[in-house]
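Take a look at the structure set out below.
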Amino acid sequence: MIDKKLYDMPKETDMAWCPGCGNFPIVNIVKMALAELDIMPQNVVICSGIGQAAKTPHYLRVNYFNGLHGRALPPATAIKLANPELTVIAESGDGDTYGEGGNHFMHTIRRNPDITNIVHNNMVYGLTKGQASPTSEKGMQTPVQVGGVVMEPFNPLTTALSLGATFVARVFAGDIMQSKEIIKAAIQHKGYALVDVFQPCVVFNKQNTYQWFKQNTYYLDEAHDKADKLKAITLALETQSMPLGILYQETGRPSYETLVRTNTTPLYQQEVNQQVLKELIESHR
Ligand SMILES: Cc1ncc(C[n+]2csc(CCOP(=O)(O)OP(=O)(O)O)c2C)c(N)n1
C-alpha cells in the first residue's frame, strides 16, 4: 500500500467547497481507495465536467481534464483508449452526469470502457445555488421550482442496468469504510463501473441531509447475488429505503479498448510509420 499523502494537495490550495460538504469525504475515500490499490498518482487521470463536484480533481494530486458541462465521460473514454495503462476516473455531479451529460452517460455504458464513473449525487444543482437536478425528489421546493418539482426523479441505477452497465453500485459519502471498499472494487472492475454516491449538500439541499440518507438507506447483505440482473433492477427501484452496495457486476465482457485496439501499448509508445502517415495525409488533399 502506498502512502495516501502522495495524493494530498498543498495546504494553501484554494477551497471552493462549503464547510460540511459531502464532497470532502468523497475525496478522502477516493484517495484511500487509490492508495490501498497501490496506484501511483502519476498513473491516474480524473475527468470531470462543470459543477462543485466537478472541482474534485483540483483537490487531489492527479492528472486531470476539466471538460465542458456534461462532458466528463468522452475524454475519459478517449484517454483510456489512448493509454490503457492509466487508471481513468470520470467524476462529476448528478446534474453534470445525468442531466447535461445524459447522452454521454447512455452511450458510454453501451461502450463499456474500462473506467470508473463516480457521481456525487446531492440531488441538487449546487454550483448554481440550488435549482432542481435530475435526481431531485418530486415536490422539493427550490428558488426556481417554487411550487415544488413536478417530475419524477431520474433513476441512474435502473437506467444503467437496463443499458447493460457491467458494474452498478451506490454508496453514501457518510460511510467512509464501506464506500472505500466499493470504490476499490469499481476501480478494479474491468469495464464501465458506475458508483452513485449519495452526497449531502449542506447549503442548498436542506431535505436530503446526512441524517436523511442514514435513515433512508440500508446495506445489501453478503447473500446478495451480484450476478442477478433482475434482482438488481428490483433493488434499484426501491425508493422507501434504498440499498447501498454493489447491486450488479458482470465479469468477462470485453471492454471498449480491447474491442477497438489490437494491442494495449499506449499510443505514445508506438512508432509512427512516417511514410504511411504521409501517404494518408496526401490522399486526403
Ligand atoms: C451548458 C451549460 N448549462 C448550464 C450551466 C450552468 N451550470 C453550471 S454547473 C451546473 C449544475 C451542476 O450541478 P451538479 O452537476 O449536480 O454539481 P454540483 O454543483 O451540485 O456539485 C449548471 C446548471 C453551464 N455551465 N453550462
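Here, A, B, ... name the chains of the C-alpha cells in the order displayed, residue numbers run from 1 inside each chain, and ligands are numbered from 1 in the same displayed order.
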- Item | Near-Asn103 in chain A list (12 Å; only C-alpha atoms; drop same-chain fewer than 4 positions) as a list of chain:residue names |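 Selected residues are A:Gly70, A:Arg71, A:Ala72, A:Leu73, A:Pro74, A:Asp96, A:Thr97, A:Tyr98, A:Gly99, A:His107, A:Thr108, A:Ile109, A:Arg110, A:Thr159.
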May I have the residues from that selection written out with N, CA and C atoms, as a PDB file, in the first residue's frame?
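Below is the file out_29.pdb, written as the result:
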ATOM      1  N   GLY A  70     -21.240  18.447 -18.563  1.00  0.00           N
ATOM      2  CA  GLY A  70     -21.796  17.182 -19.056  1.00  0.00           C
ATOM      3  C   GLY A  70     -20.824  16.349 -19.863  1.00  0.00           C
ATOM      4  N   ARG A  71     -19.580  16.793 -19.957  1.00  0.00           N
ATOM      5  CA  ARG A  71     -18.651  16.138 -20.882  1.00  0.00           C
ATOM      6  C   ARG A  71     -17.473  15.466 -20.164  1.00  0.00           C
ATOM      7  N   ALA A  72     -17.724  14.829 -19.051  1.00  0.00           N
ATOM      8  CA  ALA A  72     -16.624  14.138 -18.355  1.00  0.00           C
ATOM      9  C   ALA A  72     -16.330  12.797 -19.015  1.00  0.00           C
ATOM     10  N   LEU A  73     -17.351  12.130 -19.516  1.00  0.00           N
ATOM     11  CA  LEU A  73     -17.172  10.757 -19.989  1.00  0.00           C
ATOM     12  C   LEU A  73     -16.438  10.629 -21.337  1.00  0.00           C
ATOM     13  N   PRO A  74     -16.691  11.510 -22.316  1.00  0.00           N
ATOM     14  CA  PRO A  74     -15.962  11.334 -23.590  1.00  0.00           C
ATOM     15  C   PRO A  74     -14.442  11.411 -23.453  1.00  0.00           C
ATOM     16  N   ASP A  96     -24.348  17.209 -13.790  1.00  0.00           N
ATOM     17  CA  ASP A  96     -23.375  17.098 -14.874  1.00  0.00           C
ATOM     18  C   ASP A  96     -23.450  15.733 -15.568  1.00  0.00           C
ATOM     19  N   THR A  97     -23.645  14.680 -14.792  1.00  0.00           N
ATOM     20  CA  THR A  97     -23.618  13.331 -15.371  1.00  0.00           C
ATOM     21  C   THR A  97     -24.961  12.916 -15.951  1.00  0.00           C
ATOM     22  N   TYR A  98     -26.021  13.123 -15.187  1.00  0.00           N
ATOM     23  CA  TYR A  98     -27.322  12.583 -15.619  1.00  0.00           C
ATOM     24  C   TYR A  98     -28.173  13.613 -16.366  1.00  0.00           C
ATOM     25  N   GLY A  99     -27.877  14.900 -16.173  1.00  0.00           N
ATOM     26  CA  GLY A  99     -28.639  15.954 -16.845  1.00  0.00           C
ATOM     27  C   GLY A  99     -27.928  16.358 -18.131  1.00  0.00           C
ATOM     28  N   HIS A 107     -24.459   6.379 -23.767  1.00  0.00           N
ATOM     29  CA  HIS A 107     -23.639   5.709 -24.782  1.00  0.00           C
ATOM     30  C   HIS A 107     -22.307   5.210 -24.230  1.00  0.00           C
ATOM     31  N   THR A 108     -21.848   5.815 -23.150  1.00  0.00           N
ATOM     32  CA  THR A 108     -20.624   5.287 -22.527  1.00  0.00           C
ATOM     33  C   THR A 108     -20.915   3.913 -21.940  1.00  0.00           C
ATOM     34  N   ILE A 109     -22.090   3.773 -21.352  1.00  0.00           N
ATOM     35  CA  ILE A 109     -22.466   2.472 -20.792  1.00  0.00           C
ATOM     36  C   ILE A 109     -22.465   1.417 -21.899  1.00  0.00           C
ATOM     37  N   ARG A 110     -22.993   1.773 -23.052  1.00  0.00           N
ATOM     38  CA  ARG A 110     -23.038   0.817 -24.164  1.00  0.00           C
ATOM     39  C   ARG A 110     -21.633   0.425 -24.611  1.00  0.00           C
ATOM     40  N   THR A 159     -31.474   2.872 -14.935  1.00  0.00           N
ATOM     41  CA  THR A 159     -31.082   3.259 -16.298  1.00  0.00           C
ATOM     42  C   THR A 159     -29.796   2.538 -16.691  1.00  0.00           C
TER      43      THR A 159
END
- Task: Report as number ranges by chain: the residues of range 31-280 of chain A with a DSSP assignment of alpha helix (DSSP H), based on the backbone of this structure.
- Result: A: 31-36, 73-82, 94, 102-111, 156-162, 176-188, 210-215, 229-236, 256-260, 274-280
- Mind listing the residues within 9 Å of ligand 1, only C-alpha atoms and all ligand atoms counted, as an NGL selection string? :A and (23 or 49-55 or 68-70 or 92-100 or 119-135 or 201 or 204)
List the spatial neighbours of Asp225 in chain A as a short mmCIF file (atom, residue, chain, number, x, y, z; two decimals) with C-alpha atoms, in the first residue's frame - criterion: any atom at most 10 Å away, only C-alpha atoms, same-chain residues fewer than 3 positions off excluded.
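Output saved as selection_29.cif:
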data_model
loop_
_atom_site.label_atom_id
_atom_site.label_comp_id
_atom_site.auth_asym_id
_atom_site.auth_seq_id
_atom_site.Cartn_x
_atom_site.Cartn_y
_atom_site.Cartn_z
CA LEU A 220 -27.17 -5.21 0.89
CA ASP A 221 -26.10 -8.29 2.78
CA GLU A 222 -23.42 -10.81 1.82
CA ASP A 228 -28.64 -11.47 -10.78
CA LYS A 229 -29.60 -8.56 -13.01
CA LYS A 231 -32.87 -8.71 -8.74
CA ALA A 232 -30.54 -5.71 -9.14
CA ILE A 246 -22.72 -3.42 -5.32
CA LEU A 247 -26.10 -4.14 -6.89
CA TYR A 248 -24.73 -5.74 -10.02
CA GLN A 249 -21.47 -6.93 -11.52
#
If we count only C-alpha atoms and set the cut-off at 8 Å, which residues sit around range 207-210 of chain A, ignoring sequence neighbours fewer than 2 positions away in its own chain? Please answer as a tab-separated table (two decimals) with N, CA and C atoms, in the first residue's frame.
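Written file, out-v4.tsv:
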chain	number	residue	atom	x	y	z
A	122	ASN	N	-25.95	14.78	-5.02
A	122	ASN	CA	-26.51	15.56	-3.92
A	122	ASN	C	-27.94	15.99	-4.20
A	123	MET	N	-28.50	15.48	-5.31
A	123	MET	CA	-29.91	15.71	-5.66
A	123	MET	C	-30.24	17.19	-5.83
A	140	MET	N	-39.80	18.70	-4.13
A	140	MET	CA	-38.76	19.54	-3.49
A	140	MET	C	-38.88	20.99	-3.99
A	174	GLY	N	-21.22	9.49	3.81
A	174	GLY	CA	-21.05	9.49	5.26
A	174	GLY	C	-20.44	8.19	5.79
A	199	GLN	N	-24.62	12.16	-1.56
A	199	GLN	CA	-23.75	13.20	-1.01
A	199	GLN	C	-24.59	14.37	-0.50
A	200	PRO	N	-24.59	14.64	0.79
A	200	PRO	CA	-25.35	15.79	1.28
A	200	PRO	C	-24.77	17.12	0.80
A	201	CYS	N	-25.66	18.03	0.39
A	201	CYS	CA	-25.27	19.41	0.08
A	201	CYS	C	-25.86	20.23	1.23
A	202	VAL	N	-24.99	20.64	2.16
A	202	VAL	CA	-25.48	21.20	3.42
A	202	VAL	C	-26.07	22.61	3.27
A	205	ASN	N	-29.46	21.93	-0.22
A	205	ASN	CA	-30.45	20.86	-0.13
A	205	ASN	C	-30.67	20.53	1.35
A	212	TRP	N	-30.91	12.19	6.84
A	212	TRP	CA	-31.91	11.65	5.91
A	212	TRP	C	-31.35	10.45	5.16
A	213	PHE	N	-30.11	10.59	4.67
A	213	PHE	CA	-29.51	9.47	3.92
A	213	PHE	C	-29.35	8.26	4.84
A	214	LYS	N	-28.95	8.49	6.08
A	214	LYS	CA	-28.78	7.38	7.04
A	214	LYS	C	-30.11	6.66	7.25
- Using only C-alpha atoms, which of the listed residues (A:Lys11, A:Ala165, A:Lys4, A:Gly252) sits closest to Met106 in chain A?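 Between A:Lys11, A:Ala165, A:Lys4, A:Gly252, the residue approaching Met106 in chain A most closely is A:Ala165.
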- Task: Name all residues at most 9 Å from Ala76 in chain A (count only C-alpha atoms; drop same-chain ones fewer than 6 positions away) and give them as a list in words.
- Result: Val45, Ile46, Cys47, Ser48, Phe65, Val88, Ile89, Ala90, Pro113 and Ile115 of chain A
Save the residues we just selected, N, CA and C atoms, as an mmCIF file, in the first residue's frame?
data_model
loop_
_atom_site.group_PDB
_atom_site.id
_atom_site.type_symbol
_atom_site.label_atom_id
_atom_site.label_comp_id
_atom_site.auth_asym_id
_atom_site.auth_seq_id
_atom_site.Cartn_x
_atom_site.Cartn_y
_atom_site.Cartn_z
ATOM 1 N N VAL A 45 -5.870 9.453 -13.988
ATOM 2 C CA VAL A 45 -6.446 10.643 -14.632
ATOM 3 C C VAL A 45 -7.896 10.750 -14.186
ATOM 4 N N ILE A 46 -8.271 11.922 -13.695
ATOM 5 C CA ILE A 46 -9.676 12.146 -13.363
ATOM 6 C C ILE A 46 -10.245 13.169 -14.351
ATOM 7 N N CYS A 47 -11.350 12.808 -14.979
ATOM 8 C CA CYS A 47 -12.025 13.722 -15.903
ATOM 9 C C CYS A 47 -13.314 14.189 -15.251
ATOM 10 N N SER A 48 -13.593 15.471 -15.386
ATOM 11 C CA SER A 48 -14.846 15.965 -14.821
ATOM 12 C C SER A 48 -15.442 17.010 -15.746
ATOM 13 N N PHE A 65 -8.565 16.350 -16.379
ATOM 14 C CA PHE A 65 -9.112 17.050 -17.539
ATOM 15 C C PHE A 65 -10.481 17.578 -17.142
ATOM 16 N N VAL A 88 -8.411 5.411 -15.098
ATOM 17 C CA VAL A 88 -9.190 6.573 -15.527
ATOM 18 C C VAL A 88 -10.523 6.621 -14.771
ATOM 19 N N ILE A 89 -10.761 7.794 -14.187
ATOM 20 C CA ILE A 89 -11.985 8.002 -13.405
ATOM 21 C C ILE A 89 -12.721 9.209 -13.982
ATOM 22 N N ALA A 90 -14.009 9.069 -14.220
ATOM 23 C CA ALA A 90 -14.837 10.233 -14.571
ATOM 24 C C ALA A 90 -15.616 10.562 -13.308
ATOM 25 N N PRO A 113 -16.227 1.100 -21.633
ATOM 26 C CA PRO A 113 -14.782 1.324 -21.466
ATOM 27 C C PRO A 113 -14.367 0.969 -20.040
ATOM 28 N N ILE A 115 -13.413 2.221 -17.304
ATOM 29 C CA ILE A 115 -13.276 3.439 -16.500
ATOM 30 C C ILE A 115 -14.247 3.365 -15.315
#
Set out as a Markdown table a contact list for range 158-220 of chain A and range 29-44 of chain A with a cut-off of 8 Å, giving each residue of range 158-220 of chain A that qualifies its closest atom pair and distance in Å to one decimal, counting only C-alpha atoms, ordered by chain and rising residue number.
| residue | atom | partner | partner_atom | distance |
| --- | --- | --- | --- | --- |
| A:Ile176 | CA | A:Ile29 | CA | 6.1 |
| A:Met177 | CA | A:Ile29 | CA | 7.8 |
| A:Ser179 | CA | A:Ile29 | CA | 7.0 |
| A:Lys180 | CA | A:Ile29 | CA | 5.3 |
| A:Glu181 | CA | A:Ala33 | CA | 7.2 |
| A:Ile183 | CA | A:Ala33 | CA | 6.6 |
| A:Lys184 | CA | A:Ala33 | CA | 5.3 |
Kindly export the residues of the current selection with N, CA and C atoms, as a tab-separated table (two decimals), in the first residue's frame.
chain	number	residue	atom	x	y	z
A	176	ILE	N	-17.44	6.09	5.32
A	176	ILE	CA	-16.12	6.10	4.67
A	176	ILE	C	-15.63	4.68	4.33
A	177	MET	N	-15.65	3.80	5.32
A	177	MET	CA	-15.03	2.49	5.13
A	177	MET	C	-15.78	1.64	4.10
A	179	SER	N	-17.78	2.69	1.73
A	179	SER	CA	-17.68	3.32	0.41
A	179	SER	C	-16.31	3.06	-0.21
A	180	LYS	N	-15.29	3.09	0.63
A	180	LYS	CA	-13.93	2.87	0.12
A	180	LYS	C	-13.80	1.48	-0.51
A	181	GLU	N	-14.35	0.48	0.16
A	181	GLU	CA	-14.24	-0.89	-0.38
A	181	GLU	C	-14.98	-1.01	-1.71
A	183	ILE	N	-15.65	1.45	-3.85
A	183	ILE	CA	-14.93	2.21	-4.90
A	183	ILE	C	-13.68	1.44	-5.33
A	184	LYS	N	-13.04	0.75	-4.41
A	184	LYS	CA	-11.89	-0.08	-4.80
A	184	LYS	C	-12.35	-1.17	-5.78
- Identify which of the residues A:Thr264, A:Thr258, A:Gln178, A:Thr217 lies closest to Gln240 in chain A, counting only C-alpha atoms when measuring atom-to-atom distances.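 Nearest to Gln240 in chain A: A:Thr217.
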- Item | Residues of range 46-185 of chain A in strand (DSSP E), written as a list in words |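 Those in range 46-185 of chain A that DSSP calls strand (DSSP E) are Ile46, Cys47, Ser48, Asn63, Tyr64, Phe65, Asn66, Thr87, Val88, Ile89, Ala90, Glu91, Ser92, Gly93, Thr116, Asn117, Ile118, Val119, His120, Asn121, Phe167, Val168, Ala169, Arg170, Val171 and Phe172 of chain A.
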- Selected residue, from A:Asn83, A:Lys206, A:Ile187, A:Phe167, that lies nearest to Thr142 in chain A when counting only C-alpha atoms: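 Nearest to Thr142 in chain A: A:Lys206.
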- Message: Under the rule that only C-alpha atoms are counted, which of A:Asp114, A:Glu238, A:Glu257, A:Glu91 is the nearest residue to Pro57 in chain A?
- Response: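 Checking each of A:Asp114, A:Glu238, A:Glu257, A:Glu91 against Pro57 in chain A, counting only C-alpha atoms, the winner is A:Glu91.
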- Task: Please provide as a list in words all residues within 10 Å of Gly148 in chain A, with the sequence filter that same-chain residues fewer than 3 positions apart are discarded (counting only C-alpha atoms).
- Result: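 In the requested form, the answer reads Ala132, Glu137, Lys138, Gly139, Met140, Gln141, Thr142, Pro143, Val144, Gln145 and Met151 of chain A.
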- Message: Could you check the closest approach to Leu194 in chain A for each of A:Asn216, A:Asn66, A:Ser241, A:Asn112 and tell me which residue wins, using only C-alpha atoms?
- Response: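 Distance minimum relative to Leu194 in chain A lands on A:Asn112.
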